[in-house]
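Chemist: What follows is the file query_14.txt, containing compact mmCIF, C-alpha atoms and all ligand atoms:
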```
# COMPACT_ATOMS: atom_id res chain seq x y z
CA MET A 1 -47.46 -35.29 -8.43
CA ARG A 2 -43.83 -35.72 -9.26
CA ASP A 3 -42.24 -39.14 -9.04
CA LYS A 4 -40.48 -39.27 -5.66
CA SER A 5 -38.18 -42.16 -6.53
CA ASN A 6 -35.12 -40.09 -5.66
CA THR A 7 -33.91 -39.78 -9.23
CA HIS A 8 -33.20 -36.08 -8.82
CA PRO A 9 -29.78 -34.89 -7.75
CA LEU A 10 -29.47 -33.47 -4.23
CA ALA A 11 -27.94 -30.11 -3.30
CA LEU A 12 -26.97 -29.05 0.22
CA ILE A 13 -26.98 -25.24 0.61
CA THR A 14 -25.73 -23.44 3.71
CA GLY A 15 -27.09 -19.98 4.48
CA ALA A 16 -30.23 -20.55 2.41
CA SER A 17 -32.56 -18.45 4.58
CA SER A 18 -31.87 -15.18 2.72
CA GLY A 19 -29.90 -13.37 0.04
CA ILE A 20 -27.63 -15.22 -2.38
CA GLY A 21 -28.18 -18.64 -0.73
CA ALA A 22 -31.97 -18.42 -1.10
CA GLU A 23 -31.55 -17.43 -4.77
CA ILE A 24 -29.15 -20.32 -5.39
CA ALA A 25 -31.82 -22.62 -3.91
CA ARG A 26 -34.42 -21.18 -6.31
CA ALA A 27 -32.05 -21.54 -9.29
CA LEU A 28 -31.32 -25.19 -8.43
CA ALA A 29 -34.99 -26.03 -7.80
CA VAL A 30 -35.78 -24.74 -11.32
CA ARG A 31 -33.14 -27.21 -12.56
CA ARG A 32 -34.96 -30.06 -10.77
CA TYR A 33 -32.61 -30.49 -7.83
CA ASP A 34 -33.84 -31.75 -4.49
CA LEU A 35 -32.57 -29.58 -1.67
CA VAL A 36 -31.31 -29.52 1.88
CA LEU A 37 -31.47 -25.97 3.22
CA ALA A 38 -29.46 -25.02 6.31
CA ALA A 39 -29.29 -21.83 8.40
CA ARG A 40 -30.41 -20.61 11.83
CA ARG A 41 -33.78 -19.01 10.95
CA THR A 42 -36.06 -22.02 10.61
CA GLU A 43 -39.17 -20.02 9.76
CA ARG A 44 -37.46 -18.43 6.74
CA LEU A 45 -36.15 -21.81 5.59
CA GLU A 46 -39.59 -23.42 5.96
CA ARG A 47 -41.21 -20.62 3.95
CA LEU A 48 -38.67 -21.03 1.14
CA ALA A 49 -39.01 -24.82 1.27
CA GLU A 50 -42.79 -24.55 0.91
CA GLU A 51 -42.41 -22.13 -2.04
CA LEU A 52 -40.04 -24.54 -3.82
CA ARG A 53 -42.16 -27.61 -3.11
CA ARG A 54 -45.22 -25.88 -4.57
CA ALA A 55 -43.50 -24.25 -7.57
CA HIS A 56 -41.16 -27.08 -8.62
CA LEU A 57 -42.41 -30.15 -6.72
CA ALA A 58 -38.93 -30.34 -5.25
CA SER A 59 -38.18 -32.50 -2.25
CA VAL A 60 -36.81 -30.02 0.30
CA MET A 61 -35.43 -30.74 3.77
CA VAL A 62 -34.78 -27.96 6.27
CA ILE A 63 -32.03 -28.18 8.86
CA ALA A 64 -31.82 -25.49 11.54
CA ALA A 65 -28.22 -25.04 12.59
CA ASP A 66 -25.90 -22.42 14.01
CA LEU A 67 -22.92 -23.29 11.86
CA SER A 68 -20.55 -21.14 13.88
CA ALA A 69 -20.90 -23.57 16.81
CA ALA A 70 -18.15 -26.12 17.40
CA GLY A 71 -18.74 -29.39 15.52
CA ALA A 72 -21.61 -27.90 13.48
CA ALA A 73 -20.25 -28.92 10.06
CA ARG A 74 -20.05 -32.60 10.98
CA GLU A 75 -23.52 -32.51 12.58
CA LEU A 76 -24.99 -30.92 9.45
CA TRP A 77 -23.30 -33.52 7.25
CA THR A 78 -24.62 -36.36 9.40
CA SER A 79 -28.18 -34.95 9.42
CA THR A 80 -28.07 -34.49 5.64
CA GLY A 81 -27.06 -38.13 5.14
CA GLN A 82 -29.81 -39.50 7.39
CA GLY A 83 -32.26 -39.65 4.48
CA GLY A 84 -29.85 -42.07 2.75
CA ARG A 85 -29.21 -39.65 -0.09
CA GLU A 86 -25.83 -38.73 -1.58
CA VAL A 87 -24.98 -35.04 -1.92
CA ASP A 88 -24.36 -34.22 -5.59
CA VAL A 89 -23.91 -30.48 -5.09
CA LEU A 90 -22.51 -28.71 -2.03
CA VAL A 91 -23.03 -24.95 -1.82
CA ASN A 92 -20.89 -23.35 0.90
CA ASN A 93 -22.65 -20.00 1.05
CA ALA A 94 -23.27 -19.13 4.73
CA GLY A 95 -21.11 -16.20 5.75
CA VAL A 96 -21.00 -12.92 7.62
CA GLY A 97 -18.95 -9.78 7.01
CA LEU A 98 -18.12 -7.77 10.11
CA ALA A 99 -17.13 -4.17 9.37
CA GLY A 100 -14.98 -2.00 11.64
CA ARG A 101 -11.42 -1.79 12.88
CA VAL A 102 -9.77 -4.94 14.23
CA ALA A 103 -8.85 -3.21 17.50
CA ASP A 104 -12.50 -2.33 18.15
CA ALA A 105 -14.04 -5.67 17.23
CA ASP A 106 -15.47 -8.20 19.67
CA VAL A 107 -13.07 -11.15 19.93
CA GLU A 108 -15.80 -13.83 20.06
CA SER A 109 -17.76 -12.36 17.12
CA VAL A 110 -14.65 -12.33 14.96
CA ALA A 111 -13.82 -15.91 15.96
CA ARG A 112 -17.38 -16.99 15.02
CA MET A 113 -17.05 -15.25 11.63
CA MET A 114 -13.76 -17.03 10.94
CA ARG A 115 -15.28 -20.40 11.88
CA LEU A 116 -18.31 -19.83 9.65
CA ASN A 117 -16.53 -18.31 6.65
CA MET A 118 -13.51 -20.63 6.58
CA GLU A 119 -13.63 -23.64 8.93
CA VAL A 120 -17.19 -24.80 8.21
CA LEU A 121 -16.69 -24.36 4.46
CA THR A 122 -13.47 -26.37 4.57
CA SER A 123 -14.87 -29.14 6.78
CA LEU A 124 -18.03 -29.58 4.68
CA THR A 125 -15.88 -29.71 1.56
CA GLN A 126 -13.68 -32.40 3.13
CA LEU A 127 -16.74 -34.36 4.25
CA ALA A 128 -18.30 -34.18 0.78
CA LEU A 129 -15.22 -35.03 -1.28
CA PRO A 130 -14.67 -38.77 -0.53
CA GLY A 131 -18.17 -39.74 -1.76
CA MET A 132 -18.00 -37.41 -4.75
CA LEU A 133 -14.57 -38.76 -5.75
CA GLN A 134 -15.77 -42.33 -5.39
CA ARG A 135 -18.78 -41.60 -7.63
CA ARG A 136 -16.50 -39.55 -9.95
CA ARG A 137 -19.21 -36.89 -9.94
CA GLY A 138 -19.92 -33.79 -7.85
CA ARG A 139 -19.97 -30.01 -7.77
CA ILE A 140 -18.91 -27.69 -5.00
CA LEU A 141 -19.76 -23.98 -5.04
CA ASN A 142 -17.92 -21.80 -2.52
CA VAL A 143 -19.33 -18.31 -2.13
CA ALA A 144 -16.19 -16.20 -1.80
CA SER A 145 -16.26 -12.48 -2.68
CA LEU A 146 -14.66 -9.80 -4.78
CA ALA A 147 -12.88 -9.12 -1.47
CA GLY A 148 -10.90 -12.31 -2.11
CA PHE A 149 -9.15 -10.64 -5.07
CA GLN A 150 -8.07 -7.65 -2.98
CA PRO A 151 -4.67 -7.66 -1.28
CA ALA A 152 -6.26 -6.43 1.98
CA GLY A 153 -9.35 -4.63 3.27
CA PRO A 154 -8.54 -2.11 6.01
CA GLY A 155 -11.89 -1.52 7.75
CA MET A 156 -13.11 -5.09 7.09
CA ALA A 157 -9.72 -6.71 7.55
CA VAL A 158 -10.69 -10.13 8.90
CA TYR A 159 -13.62 -10.54 6.53
CA TYR A 160 -11.38 -9.77 3.51
CA ALA A 161 -8.81 -12.25 4.83
CA THR A 162 -11.47 -14.98 5.17
CA LYS A 163 -12.55 -14.46 1.56
CA GLY A 164 -8.91 -14.50 0.40
CA PHE A 165 -8.72 -17.90 2.13
CA VAL A 166 -11.84 -19.17 0.32
CA LEU A 167 -10.54 -18.05 -3.08
CA SER A 168 -7.06 -19.49 -2.50
CA LEU A 169 -8.47 -22.80 -1.23
CA THR A 170 -10.83 -23.08 -4.18
CA ARG A 171 -8.14 -22.36 -6.77
CA ALA A 172 -5.79 -24.95 -5.26
CA LEU A 173 -8.50 -27.57 -4.83
CA ALA A 174 -9.63 -27.07 -8.44
CA VAL A 175 -6.14 -28.14 -9.54
CA GLU A 176 -6.11 -31.13 -7.16
CA LEU A 177 -9.47 -32.26 -8.56
CA ARG A 178 -8.55 -32.12 -12.26
CA GLY A 179 -9.64 -35.25 -14.12
CA THR A 180 -11.68 -36.63 -11.20
CA GLY A 181 -15.15 -35.66 -12.41
CA VAL A 182 -15.54 -33.39 -9.36
CA THR A 183 -15.29 -29.62 -9.71
CA VAL A 184 -15.08 -26.68 -7.32
CA THR A 185 -16.07 -23.10 -8.11
CA ALA A 186 -15.60 -19.82 -6.25
CA LEU A 187 -18.41 -17.31 -6.77
CA CYS A 188 -16.98 -13.84 -6.13
CA PRO A 189 -19.78 -11.26 -5.99
CA GLY A 190 -19.20 -7.57 -5.43
CA PRO A 191 -21.63 -5.52 -3.30
CA THR A 192 -24.98 -7.29 -3.59
CA ARG A 193 -28.46 -6.38 -2.31
CA THR A 194 -29.01 -8.86 0.58
CA GLU A 195 -29.13 -8.68 4.39
CA PHE A 196 -25.32 -8.99 4.50
CA ASP A 197 -24.52 -5.26 4.82
CA ALA A 198 -27.07 -4.71 7.60
CA VAL A 199 -25.98 -7.81 9.56
CA GLY A 200 -22.24 -7.05 9.64
CA GLY A 201 -22.33 -3.26 9.44
CA ALA A 202 -20.92 -2.93 5.90
CA ALA A 203 -23.96 -0.81 5.00
CA ARG A 204 -22.17 2.12 6.70
CA THR A 205 -19.14 1.88 4.38
CA ARG A 206 -18.62 3.95 1.23
CA LEU A 207 -18.33 0.69 -0.69
CA PHE A 208 -21.99 -0.08 -0.04
CA ARG A 209 -23.18 3.55 -0.13
CA TRP A 210 -21.37 4.55 -3.34
CA LEU A 211 -21.18 1.46 -5.53
CA PRO A 212 -24.18 0.05 -7.41
CA LEU A 213 -25.57 -3.07 -5.75
CA MET A 214 -26.14 -6.21 -7.81
CA GLU A 215 -29.36 -8.17 -7.28
CA ALA A 216 -28.85 -11.43 -5.36
CA GLU A 217 -30.67 -13.32 -8.11
CA THR A 218 -28.10 -12.14 -10.71
CA ALA A 219 -25.12 -13.13 -8.56
CA ALA A 220 -26.68 -16.52 -7.75
CA ALA A 221 -27.53 -17.26 -11.40
CA ALA A 222 -23.93 -16.56 -12.44
CA GLY A 223 -22.63 -18.79 -9.66
CA VAL A 224 -24.91 -21.71 -10.51
CA ARG A 225 -24.08 -21.44 -14.24
CA GLY A 226 -20.35 -21.32 -13.48
CA MET A 227 -20.58 -24.25 -11.07
CA LEU A 228 -22.50 -26.44 -13.50
CA THR A 229 -19.98 -25.73 -16.27
CA GLY A 230 -17.08 -26.44 -13.91
CA ARG A 231 -15.49 -22.99 -13.87
CA THR A 232 -13.00 -22.28 -11.08
CA THR A 233 -13.86 -18.62 -10.48
CA VAL A 234 -16.94 -16.58 -11.31
CA VAL A 235 -17.02 -12.80 -10.92
CA PRO A 236 -20.52 -11.62 -11.85
CA GLY A 237 -20.81 -8.32 -13.78
CA TRP A 238 -18.29 -6.32 -15.82
CA PHE A 239 -17.77 -3.66 -13.12
CA ASN A 240 -16.90 -6.32 -10.54
CA LYS A 241 -14.55 -7.97 -13.07
CA LEU A 242 -12.68 -4.64 -13.38
CA LEU A 243 -12.43 -4.37 -9.59
CA ALA A 244 -11.16 -7.96 -9.40
CA ILE A 245 -8.43 -7.26 -11.96
CA GLY A 246 -7.57 -3.99 -10.18
CA GLY A 247 -7.08 -5.88 -6.92
CA GLU A 248 -4.52 -8.21 -8.47
CA LEU A 249 -2.44 -5.55 -10.26
CA PRO A 250 0.71 -4.15 -8.70
CA PRO A 251 1.47 -2.07 -6.72
CA ARG A 252 -0.60 -3.93 -4.14
CA ALA A 253 -0.16 -1.08 -1.65
CA LEU A 254 -2.26 1.10 -3.98
CA ALA A 255 -5.14 -1.40 -4.05
CA THR A 256 -4.89 -1.77 -0.26
CA ALA A 257 -5.13 2.01 0.19
CA LEU A 258 -8.08 2.22 -2.23
CA ASN A 259 -9.89 -0.56 -0.36
CA GLY A 260 -9.24 1.30 2.90
CA LEU A 261 -10.87 4.43 1.45
CA LEU A 262 -13.89 2.48 0.19
CA LEU A 263 -14.34 0.72 3.53
CA ARG A 264 -14.48 3.99 5.51
CA GLU A 265 -17.82 5.07 6.92
N1 LIG B 301 -24.05 -9.27 -0.12
C1 LIG B 301 -22.83 -8.96 -0.54
O1 LIG B 301 -22.51 -7.81 -0.86
C2 LIG B 301 -21.80 -10.08 -0.69
C3 LIG B 301 -20.69 -9.82 -1.50
C4 LIG B 301 -19.73 -10.83 -1.64
C5 LIG B 301 -19.89 -12.03 -1.00
N2 LIG B 301 -20.98 -12.24 -0.21
C6 LIG B 301 -21.09 -13.55 0.46
O2 LIG B 301 -22.31 -14.15 0.10
C7 LIG B 301 -22.65 -15.12 1.10
C8 LIG B 301 -24.14 -14.97 1.42
O3 LIG B 301 -24.38 -13.71 2.00
P1 LIG B 301 -25.60 -12.78 1.56
O4 LIG B 301 -25.05 -11.59 0.91
O5 LIG B 301 -26.63 -13.56 0.87
O6 LIG B 301 -26.08 -12.29 3.01
P2 LIG B 301 -27.32 -12.67 3.92
O7 LIG B 301 -28.60 -12.31 3.24
O8 LIG B 301 -27.03 -12.06 5.23
O9 LIG B 301 -27.23 -14.26 4.03
C9 LIG B 301 -26.32 -14.90 4.87
C10 LIG B 301 -26.79 -16.32 5.10
O10 LIG B 301 -25.85 -16.96 5.98
C11 LIG B 301 -26.57 -17.53 7.06
N3 LIG B 301 -25.81 -17.53 8.30
C12 LIG B 301 -25.22 -16.47 8.91
N4 LIG B 301 -24.68 -16.84 10.08
C13 LIG B 301 -24.95 -18.17 10.20
C14 LIG B 301 -24.67 -19.14 11.22
N5 LIG B 301 -24.00 -18.82 12.34
N6 LIG B 301 -25.09 -20.41 11.04
C15 LIG B 301 -25.79 -20.74 9.92
N7 LIG B 301 -26.08 -19.88 8.93
C16 LIG B 301 -25.67 -18.61 9.09
C17 LIG B 301 -27.82 -16.66 7.21
O11 LIG B 301 -28.87 -17.39 7.82
P3 LIG B 301 -29.39 -17.23 9.33
O12 LIG B 301 -29.19 -15.81 9.75
O13 LIG B 301 -30.82 -17.64 9.23
O14 LIG B 301 -28.57 -18.21 10.11
C18 LIG B 301 -28.15 -16.37 5.76
O15 LIG B 301 -28.91 -17.41 5.23
C19 LIG B 301 -21.73 -14.86 2.28
O16 LIG B 301 -20.71 -15.84 2.30
C20 LIG B 301 -21.12 -13.50 1.97
O17 LIG B 301 -19.83 -13.35 2.51
C21 LIG B 301 -21.94 -11.30 -0.05
```
Could you render the structure from this file as structure tokens?

Modeler:
Amino acid sequence: MRDKSNTHPLALITGASSGIGAEIARALAVRRYDLVLAARRTERLERLAEELRRAHLASVMVIAADLSAAGAARELWTSTGQGGREVDVLVNNAGVGLAGRVADADVESVARMMRLNMEVLTSLTQLALPGMLQRRRGRILNVASLAGFQPAGPGMAVYYATKGFVLSLTRALAVELRGTGVTVTALCPGPTRTEFDAVGGAARTRLFRWLPLMEAETAAAAGVRGMLTGRTTVVPGWFNKLLAIGGELPPRALATALNGLLLRE
């Protein structure tokens, strides 16, 4: 059995029950991290936790939480700290991407997406930073998106705006954190094979029907590598890198129109 004297660093991962979050958990367990896995589907989390305990002798705690509920970020942070462990790595991965026109979307669903994609990520980051800064050590990985590089995403407008927020926040925070020993990284995947497109309806868009999908394991591996080397942004894959550059080139109206075409059903 592995020594359980808590000498391994601890990573808190939101949205670890499937897709990119589950793969980030696997990648960190291989690197001998202990883990706290959070999401709503407890059974999925427990199954992953058992896999990682068996394969890597990792210490894994599961926390079932609907992070789009009011006050959820603080509750998760408090539950994570109850074992007396410090969080060395925070992975803000939980997110949803609702597809469809703004005028047709359910007001509450959109509000929940904004809370999950932006507010929870920001609050957890704020809760993690004081301890990390005091220890002069810590890594934060924010799962943004290629969408964050695009000027706008007609057809997934609010989702694209939330990911623009995550990318902007991460870039600014990276500057604020220079020289502190704490780093923050935005992982910006393009279309990736997970449950994301089925959950939010993006599977119906041309973007997901026409473009090649990256494997979640590939996107996660790039994110973990980038985070551990302290990079500010990580865009996995050369094709996605081209799309990221394209989104930042003028005229921005052209990129907006192109995104609108790709986000049509
Ligand atoms: N797949 C893509 O093409 C793609 C591209 C760029 C960026 N991303 C980003 O990657 C991140 C992970 O998504 P994914 O692609 O891996 O999709 P996914 O397989 O659907 O995973 C989403 C994760 O978020 C969790 N989650 C959703 N709503 C939640 C809530 N209210 N409370 C707590 N957890 C919640 C889900 O767990 P439960 O359902 O169990 O709660 C799940 O673990 C997201 O931030 C997404 O925006 C995805």

Chemist: Neighbours of A:Leu173 within 9 Å (only C-alpha atoms; same-chain residues fewer than 4 positions away dropped), as a list in words?

Modeler: Ser168, Leu169, Leu177, Arg178, Thr183 and Val184 of chain A

Chemist: How many Å separate atom CA of A:Leu45 from atom CA of A:Gln82?

Modeler: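 Pair atom CA of A:Leu45 / atom CA of A:Gln82 returns 18.9 Å.
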
Chemist: Counting all atoms listed in the file, what are the residues, protein, DNA or RNA alike, that approach ligand LIG 301 (chain B) to within 7 Å? I want them as a PDB file with C-alpha atoms, in the coordinates of the input.

Modeler:
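Writing the result to part13.pdb gives the following:
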```
ATOM      1  CA  THR A  14     -25.730 -23.440   3.710  1.00  0.00           C
ATOM      2  CA  GLY A  15     -27.090 -19.980   4.480  1.00  0.00           C
ATOM      3  CA  ALA A  16     -30.230 -20.550   2.410  1.00  0.00           C
ATOM      4  CA  SER A  17     -32.560 -18.450   4.580  1.00  0.00           C
ATOM      5  CA  SER A  18     -31.870 -15.180   2.720  1.00  0.00           C
ATOM      6  CA  GLY A  19     -29.900 -13.370   0.040  1.00  0.00           C
ATOM      7  CA  ILE A  20     -27.630 -15.220  -2.380  1.00  0.00           C
ATOM      8  CA  GLY A  21     -28.180 -18.640  -0.730  1.00  0.00           C
ATOM      9  CA  ALA A  38     -29.460 -25.020   6.310  1.00  0.00           C
ATOM     10  CA  ALA A  39     -29.290 -21.830   8.400  1.00  0.00           C
ATOM     11  CA  ARG A  40     -30.410 -20.610  11.830  1.00  0.00           C
ATOM     12  CA  ARG A  41     -33.780 -19.010  10.950  1.00  0.00           C
ATOM     13  CA  THR A  42     -36.060 -22.020  10.610  1.00  0.00           C
ATOM     14  CA  ALA A  65     -28.220 -25.040  12.590  1.00  0.00           C
ATOM     15  CA  ASP A  66     -25.900 -22.420  14.010  1.00  0.00           C
ATOM     16  CA  LEU A  67     -22.920 -23.290  11.860  1.00  0.00           C
ATOM     17  CA  SER A  68     -20.550 -21.140  13.880  1.00  0.00           C
ATOM     18  CA  ASN A  93     -22.650 -20.000   1.050  1.00  0.00           C
ATOM     19  CA  ALA A  94     -23.270 -19.130   4.730  1.00  0.00           C
ATOM     20  CA  GLY A  95     -21.110 -16.200   5.750  1.00  0.00           C
ATOM     21  CA  VAL A  96     -21.000 -12.920   7.620  1.00  0.00           C
ATOM     22  CA  GLY A  97     -18.950  -9.780   7.010  1.00  0.00           C
ATOM     23  CA  LEU A 116     -18.310 -19.830   9.650  1.00  0.00           C
ATOM     24  CA  ASN A 117     -16.530 -18.310   6.650  1.00  0.00           C
ATOM     25  CA  VAL A 143     -19.330 -18.310  -2.130  1.00  0.00           C
ATOM     26  CA  ALA A 144     -16.190 -16.200  -1.800  1.00  0.00           C
ATOM     27  CA  SER A 145     -16.260 -12.480  -2.680  1.00  0.00           C
ATOM     28  CA  LEU A 146     -14.660  -9.800  -4.780  1.00  0.00           C
ATOM     29  CA  CYS A 188     -16.980 -13.840  -6.130  1.00  0.00           C
ATOM     30  CA  PRO A 189     -19.780 -11.260  -5.990  1.00  0.00           C
ATOM     31  CA  GLY A 190     -19.200  -7.570  -5.430  1.00  0.00           C
ATOM     32  CA  PRO A 191     -21.630  -5.520  -3.300  1.00  0.00           C
ATOM     33  CA  THR A 192     -24.980  -7.290  -3.590  1.00  0.00           C
ATOM     34  CA  ARG A 193     -28.460  -6.380  -2.310  1.00  0.00           C
ATOM     35  CA  THR A 194     -29.010  -8.860   0.580  1.00  0.00           C
ATOM     36  CA  GLU A 195     -29.130  -8.680   4.390  1.00  0.00           C
ATOM     37  CA  PHE A 196     -25.320  -8.990   4.500  1.00  0.00           C
ATOM     38  CA  ASP A 197     -24.520  -5.260   4.820  1.00  0.00           C
ATOM     39  CA  VAL A 199     -25.980  -7.810   9.560  1.00  0.00           C
ATOM     40  CA  ALA A 216     -28.850 -11.430  -5.360  1.00  0.00           C
TER      41      ALA A 216
END
```

Chemist: Between A:Gly153, A:Gly230, A:Gly223, A:Gly181, which is the closest to A:Arg137 once you count all atoms listed in the file?

Modeler: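 Going through A:Gly153, A:Gly230, A:Gly223, A:Gly181 one by one, the smallest distance to A:Arg137 is for A:Gly181.
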
Chemist: Provide the atom CA of A:Asp88 to atom CA of A:Gly138 distance in Å, to one decimal place.

Modeler: 5.0 Å

Chemist: Adding 6 Å on each side of the box along x, y and z that holds all listed atoms of stretch 110-129 of chain A, could you give its centre and edge lengths in Å to one decimal, as lines of an AutoDock Vina configuration file?

Modeler:
```
center_x = -15.9
center_y = -23.7
center_z = 7.3
size_x = 16.8
size_y = 34.7
size_z = 29.2
```

Chemist: Identify, on the basis of all atoms listed in the file, every residue whose closest approach to A:Arg85 does not exceed 12 Å; exclude the query and any residue fewer than 6 positions from it along the same chain; express the result as a PDB file with C-alpha atoms, in the frame of the given file.

Modeler:
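result-v3.pdb, freshly written:
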```
ATOM      1  CA  SER A   5     -38.180 -42.160  -6.530  1.00  0.00           C
ATOM      2  CA  ASN A   6     -35.120 -40.090  -5.660  1.00  0.00           C
ATOM      3  CA  THR A   7     -33.910 -39.780  -9.230  1.00  0.00           C
ATOM      4  CA  HIS A   8     -33.200 -36.080  -8.820  1.00  0.00           C
ATOM      5  CA  PRO A   9     -29.780 -34.890  -7.750  1.00  0.00           C
ATOM      6  CA  LEU A  10     -29.470 -33.470  -4.230  1.00  0.00           C
ATOM      7  CA  ALA A  11     -27.940 -30.110  -3.300  1.00  0.00           C
ATOM      8  CA  LEU A  12     -26.970 -29.050   0.220  1.00  0.00           C
ATOM      9  CA  ASP A  34     -33.840 -31.750  -4.490  1.00  0.00           C
ATOM     10  CA  LEU A  35     -32.570 -29.580  -1.670  1.00  0.00           C
ATOM     11  CA  VAL A  36     -31.310 -29.520   1.880  1.00  0.00           C
ATOM     12  CA  SER A  59     -38.180 -32.500  -2.250  1.00  0.00           C
ATOM     13  CA  MET A  61     -35.430 -30.740   3.770  1.00  0.00           C
ATOM     14  CA  TRP A  77     -23.300 -33.520   7.250  1.00  0.00           C
ATOM     15  CA  THR A  78     -24.620 -36.360   9.400  1.00  0.00           C
ATOM     16  CA  SER A  79     -28.180 -34.950   9.420  1.00  0.00           C
ATOM     17  CA  GLY A 131     -18.170 -39.740  -1.760  1.00  0.00           C
TER      18      GLY A 131
END
```

Chemist: How far is it from atom CA of A:Ile13 to atom CA of A:Glu43, in Å with one decimal?

Modeler: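 Going from atom CA of A:Ile13 over to atom CA of A:Glu43, I get 16.1 Å.
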